[in-house]
Amino acid sequence: MLNGRRGFLKDSVPVAGLCPQGAYGIQDCLRSGFSSVKNELLPSHPLELSEKNFQPNKDKMNFSTLRNIQGLHAPLKLQMEYRAARQIQRLPFLPSSNLALDTLRGNDESIGFEDILCDPAQSEMMGEPHLMVEYNLGLL
Amino acid sequence: MNEHKGHKYIFQIVSGSILSWNAVLEGEANKVGYSLPAARKTGTTICGVVFKDGVILGADTRATEGMIVADKNCSKIHYISPNIYCCGAGTAADTEMTTQIISSNLELHALSTGRVPRVATANRMLKQMLFRYQGYIGAALVLGGVDCNGPHLYSIYPHGSTDKLPYVTMGSGSLAAMAVFEDRYKPDMEEEDAKRLVRDAIAAGIFNDLGSGSNIDLCVITKGKLDYIRPHDEANKKGVRTGDYKYKRGTTSVLTKSVTALNLEVVEETVLTMDTS
């Protein structure tokens with residue numbers, strides 16, 4: 001599944017102005033919001049970057065503390081388990097509950113805004129199933 | 001084109017997307033000349049005091065939306081756990097949602113530890129959450145409760161700083177209430193004296209601050225007992241109408257009466273059955 005890794009690109013930034021995804025090549029304001037190259041490159045809210053990186057930063061801090069207390073092997077082993085848990089996903093167009101990952105992180109015992117707002121089950125759009133599976137498998 | 005579509009649906013960064021969407025919307029609206037509707041605030045007087053056996057929390061009941069009273073009798077003392085309650089000042093939605101989230105988290109935590117939750121735990125959860133959002137969550141809280149270590153009272157500011165004190169006040173009427181506290185607070189008061197003190201402090205806020213008004217709610221938390229007194233004192237009762245503009249039957253005398261029958265003939269009759277399945 002080497003070609004399938006394309007679906008998990010980390011650093012790509014979809015620039016709205018250059019390649020609009022709506023019908024007829026115009027930015028679809030209802031579905032993808034107002035288009036502004038500035039908004040895609042710079043944060044539009046002072047907390048946007050802080051919130052985007054909150055979980056990764058929390059993990060980094062925990063691993064670094066764990067390394068200092070228990071030695072290198074503890075965070076290494078945990079990160080291996082995280083990597084394994086992160087791979088437990090459903091088909092590309094279905095949202096995954098990430099139960100194993102949440103349990104490892106300790107998020108199964110807390111409720112935050114990410115559990116209340118933006119519920120993927122309530123989302124108005126769904127990916128086109130066949131296209132997304134084909135893209136993931138590299139057949140497109 | 002389609003690759004981008006699949007790409008975008010796979011990544012959905014939750015908080016980031018919501019924050020930026022709202023900020024973009026506000027920016028676009030301001031450019032055209034409109035402003036987003038004012039959030040409902042509780043310009044408020046809330047206070048708390050530690051007495052001999054526990055903690056008393058007090059709050060007024062007015063919620064304002066700009067210069068208009070949005071709710072004449074809103075409840076500002078929120079439940080966190082059976083032994084911990086929290087008064088909230090600031091943006092009404094923020095205080096409600098924050099206290100509900102912390103209440104849920106505290107319940108999960110208590111189930112996990114198997115112990116009665118402590119006030120210090122609730123305080124730490126609240127301050128860590130408010131600091132994470134750097135003051136954008138406008139919630140100023142007075143948290144009080146009784147746990148295994150005795151009665152505790154904390155005041156929590158929107159940016160995440162907390163103070164642990166024997167008496168605290170928050171909100172727009174906090175200065176008026178604090179003046180009453182500074183004058184008459186004594187350590188280890190009796191319950192009735194403490195209730196009277198809190199009632200007077202909130203009344204000072206109600207009568208001297210435009211953002212506070214209506215009634216006074218009290219919540220008395222002691223080791224075995226919880227008293228949620230709502231309202232404790234109706235400081236502002238709505239007036240009763242003294243006059244009446246309705247006229248009695250017979251005020252105007254009837255001189256003549258004539259009845260004309262309308263002759264209607266049935267032209268068409270249709271029956272629509274109701275679907276009662």
# chains A, B, ... in the order shown; residues from 1 in each chain; ligands from 1
>>> interface_residues(of="chain A", to="chain B", cutoff="7 Å", atoms="only C-alpha atoms", output="PyMOL selection string")
chain A and resi 7+21+44-45+48+51-52+92+109-112+114+118+127+132+135
>>> residues_around(residues="range 145-151 of chain B", least_positions_apart="2", cutoff="7 Å", atoms="only C-alpha atoms", output="JSON, numbers by chain")
{"B": [50, 54, 55, 83, 84, 85, 118, 119, 153, 221, 222, 223]}
>>> write_last_selection(atoms="N, CA and C atoms", output="PDB file, in the first residue's frame")
ATOM      1  N   VAL B  50     -16.816  31.778  53.305  1.00  0.00           N
ATOM      2  CA  VAL B  50     -16.613  30.554  54.077  1.00  0.00           C
ATOM      3  C   VAL B  50     -17.059  30.837  55.504  1.00  0.00           C
ATOM      4  N   GLY B  54     -19.225  25.534  56.531  1.00  0.00           N
ATOM      5  CA  GLY B  54     -19.188  25.317  55.091  1.00  0.00           C
ATOM      6  C   GLY B  54     -19.016  26.598  54.308  1.00  0.00           C
ATOM      7  N   VAL B  55     -19.708  26.631  53.170  1.00  0.00           N
ATOM      8  CA  VAL B  55     -19.533  27.728  52.206  1.00  0.00           C
ATOM      9  C   VAL B  55     -20.907  28.225  51.788  1.00  0.00           C
ATOM     10  N   ASN B  83     -21.352  18.185  45.992  1.00  0.00           N
ATOM     11  CA  ASN B  83     -20.788  18.978  47.085  1.00  0.00           C
ATOM     12  C   ASN B  83     -20.064  20.223  46.612  1.00  0.00           C
ATOM     13  N   ILE B  84     -20.130  20.526  45.312  1.00  0.00           N
ATOM     14  CA  ILE B  84     -19.407  21.685  44.772  1.00  0.00           C
ATOM     15  C   ILE B  84     -20.331  22.450  43.835  1.00  0.00           C
ATOM     16  N   TYR B  85     -20.457  23.754  44.065  1.00  0.00           N
ATOM     17  CA  TYR B  85     -21.237  24.591  43.169  1.00  0.00           C
ATOM     18  C   TYR B  85     -20.383  25.758  42.700  1.00  0.00           C
ATOM     19  N   ARG B 118     -12.845  16.649  44.951  1.00  0.00           N
ATOM     20  CA  ARG B 118     -12.397  17.764  45.787  1.00  0.00           C
ATOM     21  C   ARG B 118     -12.540  19.073  45.041  1.00  0.00           C
ATOM     22  N   VAL B 119     -12.685  20.147  45.793  1.00  0.00           N
ATOM     23  CA  VAL B 119     -12.825  21.475  45.194  1.00  0.00           C
ATOM     24  C   VAL B 119     -11.544  21.861  44.465  1.00  0.00           C
ATOM     25  N   LEU B 153     -13.088  27.857  49.037  1.00  0.00           N
ATOM     26  CA  LEU B 153     -13.678  28.867  48.168  1.00  0.00           C
ATOM     27  C   LEU B 153     -12.585  29.411  47.253  1.00  0.00           C
ATOM     28  N   ILE B 221     -23.679  25.324  51.258  1.00  0.00           N
ATOM     29  CA  ILE B 221     -23.090  23.981  51.159  1.00  0.00           C
ATOM     30  C   ILE B 221     -22.401  23.665  52.475  1.00  0.00           C
ATOM     31  N   THR B 222     -22.869  22.601  53.129  1.00  0.00           N
ATOM     32  CA  THR B 222     -22.203  22.139  54.349  1.00  0.00           C
ATOM     33  C   THR B 222     -21.862  20.668  54.177  1.00  0.00           C
ATOM     34  N   LYS B 223     -21.246  20.069  55.191  1.00  0.00           N
ATOM     35  CA  LYS B 223     -20.709  18.720  55.016  1.00  0.00           C
ATOM     36  C   LYS B 223     -21.783  17.725  54.602  1.00  0.00           C
TER      37      LYS B 223
END
>>> residues_around(residues="Arg67 in chain A", least_positions_apart="5", cutoff="12 Å", atoms="only C-alpha atoms", output="PyMOL selection string")
chain A and resi 60-62+72-79
>>> write_last_selection(atoms="all heavy atoms", output="compact mmCIF listing (two decimals), in the first residue's frame")
# COMPACT_ATOMS: atom_id res chain seq x y z
N LYS A 60 4.23 15.65 23.34
CA LYS A 60 5.68 15.86 23.42
C LYS A 60 6.11 16.10 24.85
O LYS A 60 7.13 15.56 25.32
CB LYS A 60 6.07 17.09 22.58
CG LYS A 60 6.38 16.77 21.14
CD LYS A 60 6.94 18.01 20.43
CE LYS A 60 6.35 18.05 19.03
NZ LYS A 60 6.45 19.34 18.40
N MET A 61 5.33 16.92 25.56
CA MET A 61 5.68 17.24 26.94
C MET A 61 5.63 15.98 27.81
O MET A 61 6.53 15.72 28.62
CB MET A 61 4.70 18.28 27.48
CG MET A 61 5.23 19.07 28.63
SD MET A 61 4.19 20.45 29.03
CE MET A 61 2.72 19.67 29.62
N ASN A 62 4.58 15.18 27.61
CA ASN A 62 4.45 13.96 28.41
C ASN A 62 5.57 12.99 28.12
O ASN A 62 6.13 12.38 29.03
CB ASN A 62 3.09 13.29 28.13
CG ASN A 62 1.96 14.07 28.74
OD1 ASN A 62 2.17 14.86 29.66
ND2 ASN A 62 0.75 13.87 28.24
N LEU A 72 14.76 6.07 28.46
CA LEU A 72 14.37 6.21 27.07
C LEU A 72 13.37 5.15 26.64
O LEU A 72 12.53 5.38 25.78
CB LEU A 72 15.64 6.14 26.20
CG LEU A 72 15.42 6.37 24.71
CD1 LEU A 72 14.81 7.73 24.48
CD2 LEU A 72 16.73 6.26 23.98
N HIS A 73 13.43 3.98 27.21
CA HIS A 73 12.63 2.87 26.71
C HIS A 73 11.14 3.12 26.87
O HIS A 73 10.34 2.72 26.02
CB HIS A 73 13.03 1.58 27.43
CG HIS A 73 12.33 0.38 26.87
ND1 HIS A 73 12.63 -0.14 25.63
CD2 HIS A 73 11.33 -0.37 27.36
CE1 HIS A 73 11.86 -1.19 25.40
NE2 HIS A 73 11.06 -1.35 26.44
N ALA A 74 10.74 3.80 27.97
CA ALA A 74 9.30 3.99 28.24
C ALA A 74 8.61 4.78 27.13
O ALA A 74 7.63 4.32 26.55
CB ALA A 74 9.10 4.66 29.60
N PRO A 75 9.10 6.00 26.78
CA PRO A 75 8.42 6.71 25.70
C PRO A 75 8.53 6.00 24.36
O PRO A 75 7.60 6.04 23.55
CB PRO A 75 9.09 8.08 25.66
CG PRO A 75 10.35 7.93 26.40
CD PRO A 75 10.15 6.84 27.37
N LEU A 76 9.63 5.30 24.12
CA LEU A 76 9.78 4.60 22.85
C LEU A 76 8.70 3.54 22.71
O LEU A 76 8.04 3.40 21.67
CB LEU A 76 11.16 3.93 22.77
CG LEU A 76 12.29 4.81 22.25
CD1 LEU A 76 13.56 4.00 22.18
CD2 LEU A 76 11.95 5.38 20.90
N LYS A 77 8.51 2.78 23.77
CA LYS A 77 7.52 1.70 23.73
C LYS A 77 6.12 2.28 23.54
O LYS A 77 5.31 1.79 22.77
CB LYS A 77 7.60 0.92 25.04
CG LYS A 77 6.78 -0.33 25.02
CD LYS A 77 7.24 -1.25 26.14
CE LYS A 77 6.36 -2.49 26.12
NZ LYS A 77 6.52 -3.28 27.31
N LEU A 78 5.84 3.38 24.28
CA LEU A 78 4.53 4.01 24.17
C LEU A 78 4.29 4.55 22.76
O LEU A 78 3.20 4.42 22.19
CB LEU A 78 4.41 5.17 25.16
CG LEU A 78 3.83 4.81 26.51
CD1 LEU A 78 3.78 6.05 27.38
CD2 LEU A 78 2.43 4.26 26.35
N GLN A 79 5.33 5.14 22.17
CA GLN A 79 5.15 5.69 20.83
C GLN A 79 4.90 4.59 19.83
O GLN A 79 4.16 4.77 18.85
CB GLN A 79 6.37 6.52 20.43
CG GLN A 79 6.25 7.93 20.94
CD GLN A 79 7.40 8.81 20.51
OE1 GLN A 79 8.54 8.38 20.49
NE2 GLN A 79 7.09 10.03 20.19
>>> closest_residue(among="B:Thr45, B:Asn30, B:Thr113, B:Thr252", to="Arg199 in chain B", atoms="only C-alpha atoms")
B:Thr45
>>> residues_around(residues="Gly43 in chain B", least_positions_apart="3", cutoff="8 Å", atoms="only C-alpha atoms", output="list of chain:residue names")
B:Arg62, B:Ala63, B:Thr64, B:Ala89, B:Gly90, B:Gly171, B:Ser172, B:Gly173, B:Gly211, B:Ser212
>>> write_last_selection(atoms="N, CA and C atoms", output="short mmCIF file (atom, residue, chain, number, x, y, z; two decimals), in the first residue's frame")
data_model
loop_
_atom_site.label_atom_id
_atom_site.label_comp_id
_atom_site.auth_asym_id
_atom_site.auth_seq_id
_atom_site.Cartn_x
_atom_site.Cartn_y
_atom_site.Cartn_z
N ARG B 62 -29.88 38.73 37.06
CA ARG B 62 -30.16 39.49 35.84
C ARG B 62 -29.15 39.14 34.77
N ALA B 63 -29.61 38.89 33.54
CA ALA B 63 -28.72 38.68 32.40
C ALA B 63 -28.99 39.79 31.38
N THR B 64 -27.91 40.49 30.96
CA THR B 64 -28.09 41.63 30.06
C THR B 64 -27.53 41.34 28.68
N ALA B 89 -19.84 34.63 36.23
CA ALA B 89 -20.04 35.97 35.70
C ALA B 89 -19.33 36.05 34.36
N GLY B 90 -19.75 36.99 33.49
CA GLY B 90 -19.12 37.12 32.19
C GLY B 90 -20.11 36.72 31.11
N GLY B 171 -17.66 39.97 39.12
CA GLY B 171 -18.71 40.57 38.31
C GLY B 171 -18.66 42.08 38.37
N SER B 172 -19.62 42.72 37.65
CA SER B 172 -19.60 44.18 37.59
C SER B 172 -19.97 44.79 38.94
N GLY B 173 -20.73 44.06 39.77
CA GLY B 173 -21.09 44.59 41.08
C GLY B 173 -20.16 44.13 42.18
N GLY B 211 -25.71 46.54 36.00
CA GLY B 211 -25.64 45.24 35.36
C GLY B 211 -26.22 44.12 36.20
N SER B 212 -26.53 44.42 37.47
CA SER B 212 -27.10 43.39 38.34
C SER B 212 -28.49 43.81 38.76
#
>>> atom_distance(atom1="CA of Arg90 in chain A", atom2="CA of Gln55 in chain A")
21.7 Å
>>> atom_distance(atom1="CA of Gln89 in chain A", atom2="CA of Glu40 in chain A")
27.6 Å
>>> residues_around(residues="range 232-238 of chain B", least_positions_apart="4", cutoff="7 Å", atoms="only C-alpha atoms", output="CSV table (one decimal) with all heavy atoms, in the first residue's frame")
chain,number,residue,atom,x,y,z
B,214,SER,N,-32.8,42.2,39.9
B,214,SER,CA,-33.8,41.2,40.2
B,214,SER,C,-33.6,40.5,41.6
B,214,SER,O,-33.4,41.2,42.6
B,214,SER,CB,-33.9,40.1,39.1
B,214,SER,OG,-34.2,40.7,37.9
B,215,ASN,N,-33.6,39.2,41.6
B,215,ASN,CA,-33.6,38.5,42.9
B,215,ASN,C,-32.2,38.1,43.4
B,215,ASN,O,-31.2,38.2,42.7
B,215,ASN,CB,-34.5,37.3,42.8
B,215,ASN,CG,-35.8,37.6,42.2
B,215,ASN,OD1,-36.3,38.7,42.3
B,215,ASN,ND2,-36.3,36.6,41.4
B,216,ILE,N,-32.2,37.6,44.6
B,216,ILE,CA,-31.0,37.1,45.2
B,216,ILE,C,-31.1,35.6,45.4
B,216,ILE,O,-32.0,35.1,46.0
B,216,ILE,CB,-30.7,37.7,46.6
B,216,ILE,CG1,-30.6,39.2,46.4
B,216,ILE,CG2,-29.4,37.2,47.2
B,216,ILE,CD1,-30.6,40.0,47.7
B,217,ASP,N,-30.1,34.8,44.8
B,217,ASP,CA,-30.1,33.4,45.0
B,217,ASP,C,-29.0,33.0,45.9
B,217,ASP,O,-27.9,33.6,45.9
B,217,ASP,CB,-29.8,32.7,43.6
B,217,ASP,CG,-31.0,32.7,42.7
B,217,ASP,OD1,-32.1,33.1,43.1
B,217,ASP,OD2,-30.8,32.4,41.5
B,218,LEU,N,-29.3,32.0,46.8
B,218,LEU,CA,-28.2,31.6,47.7
B,218,LEU,C,-28.0,30.1,47.6
B,218,LEU,O,-28.9,29.4,47.2
B,218,LEU,CB,-28.7,31.9,49.1
B,218,LEU,CG,-28.4,33.2,49.8
B,218,LEU,CD1,-28.6,33.1,51.3
B,218,LEU,CD2,-27.0,33.8,49.5
>>> decode(residues="range 162-199 of chain B", atoms="C-alpha atoms", output="compact mmCIF listing (two decimals), in the first residue's frame")
# COMPACT_ATOMS: atom_id res chain seq x y z
CA THR B 162 -7.16 31.67 40.75
CA ASP B 163 -7.28 32.88 44.33
CA LYS B 164 -8.13 30.82 47.38
CA LEU B 165 -9.74 33.14 49.91
CA PRO B 166 -12.27 33.17 52.76
CA TYR B 167 -14.52 35.65 50.92
CA VAL B 168 -14.62 36.59 47.21
CA THR B 169 -16.75 38.66 44.87
CA MET B 170 -16.82 38.79 41.05
CA GLY B 171 -18.71 40.57 38.31
CA SER B 172 -19.60 44.18 37.59
CA GLY B 173 -21.09 44.59 41.08
CA SER B 174 -18.08 43.05 42.79
CA LEU B 175 -16.87 46.31 44.30
CA ALA B 176 -20.22 47.03 45.94
CA ALA B 177 -20.38 43.51 47.34
CA MET B 178 -16.76 43.55 48.47
CA ALA B 179 -17.39 46.78 50.39
CA VAL B 180 -20.05 44.97 52.44
CA PHE B 181 -17.75 41.99 52.99
CA GLU B 182 -14.81 44.10 54.06
CA ASP B 183 -17.00 45.87 56.57
CA ARG B 184 -18.73 42.93 58.21
CA TYR B 185 -16.83 39.71 57.56
CA LYS B 186 -15.63 37.78 60.58
CA PRO B 187 -14.00 34.34 60.50
CA ASP B 188 -16.13 31.36 61.70
CA MET B 189 -19.54 33.00 61.43
CA GLU B 190 -22.78 31.18 62.15
CA GLU B 191 -24.97 30.10 59.24
CA GLU B 192 -27.69 32.72 59.73
CA ASP B 193 -25.18 35.57 60.06
CA ALA B 194 -23.33 34.39 56.98
CA LYS B 195 -26.57 34.15 54.97
CA ARG B 196 -27.50 37.66 56.01
CA LEU B 197 -24.03 38.93 55.05
CA VAL B 198 -24.16 37.34 51.58
CA ARG B 199 -27.70 38.60 51.06
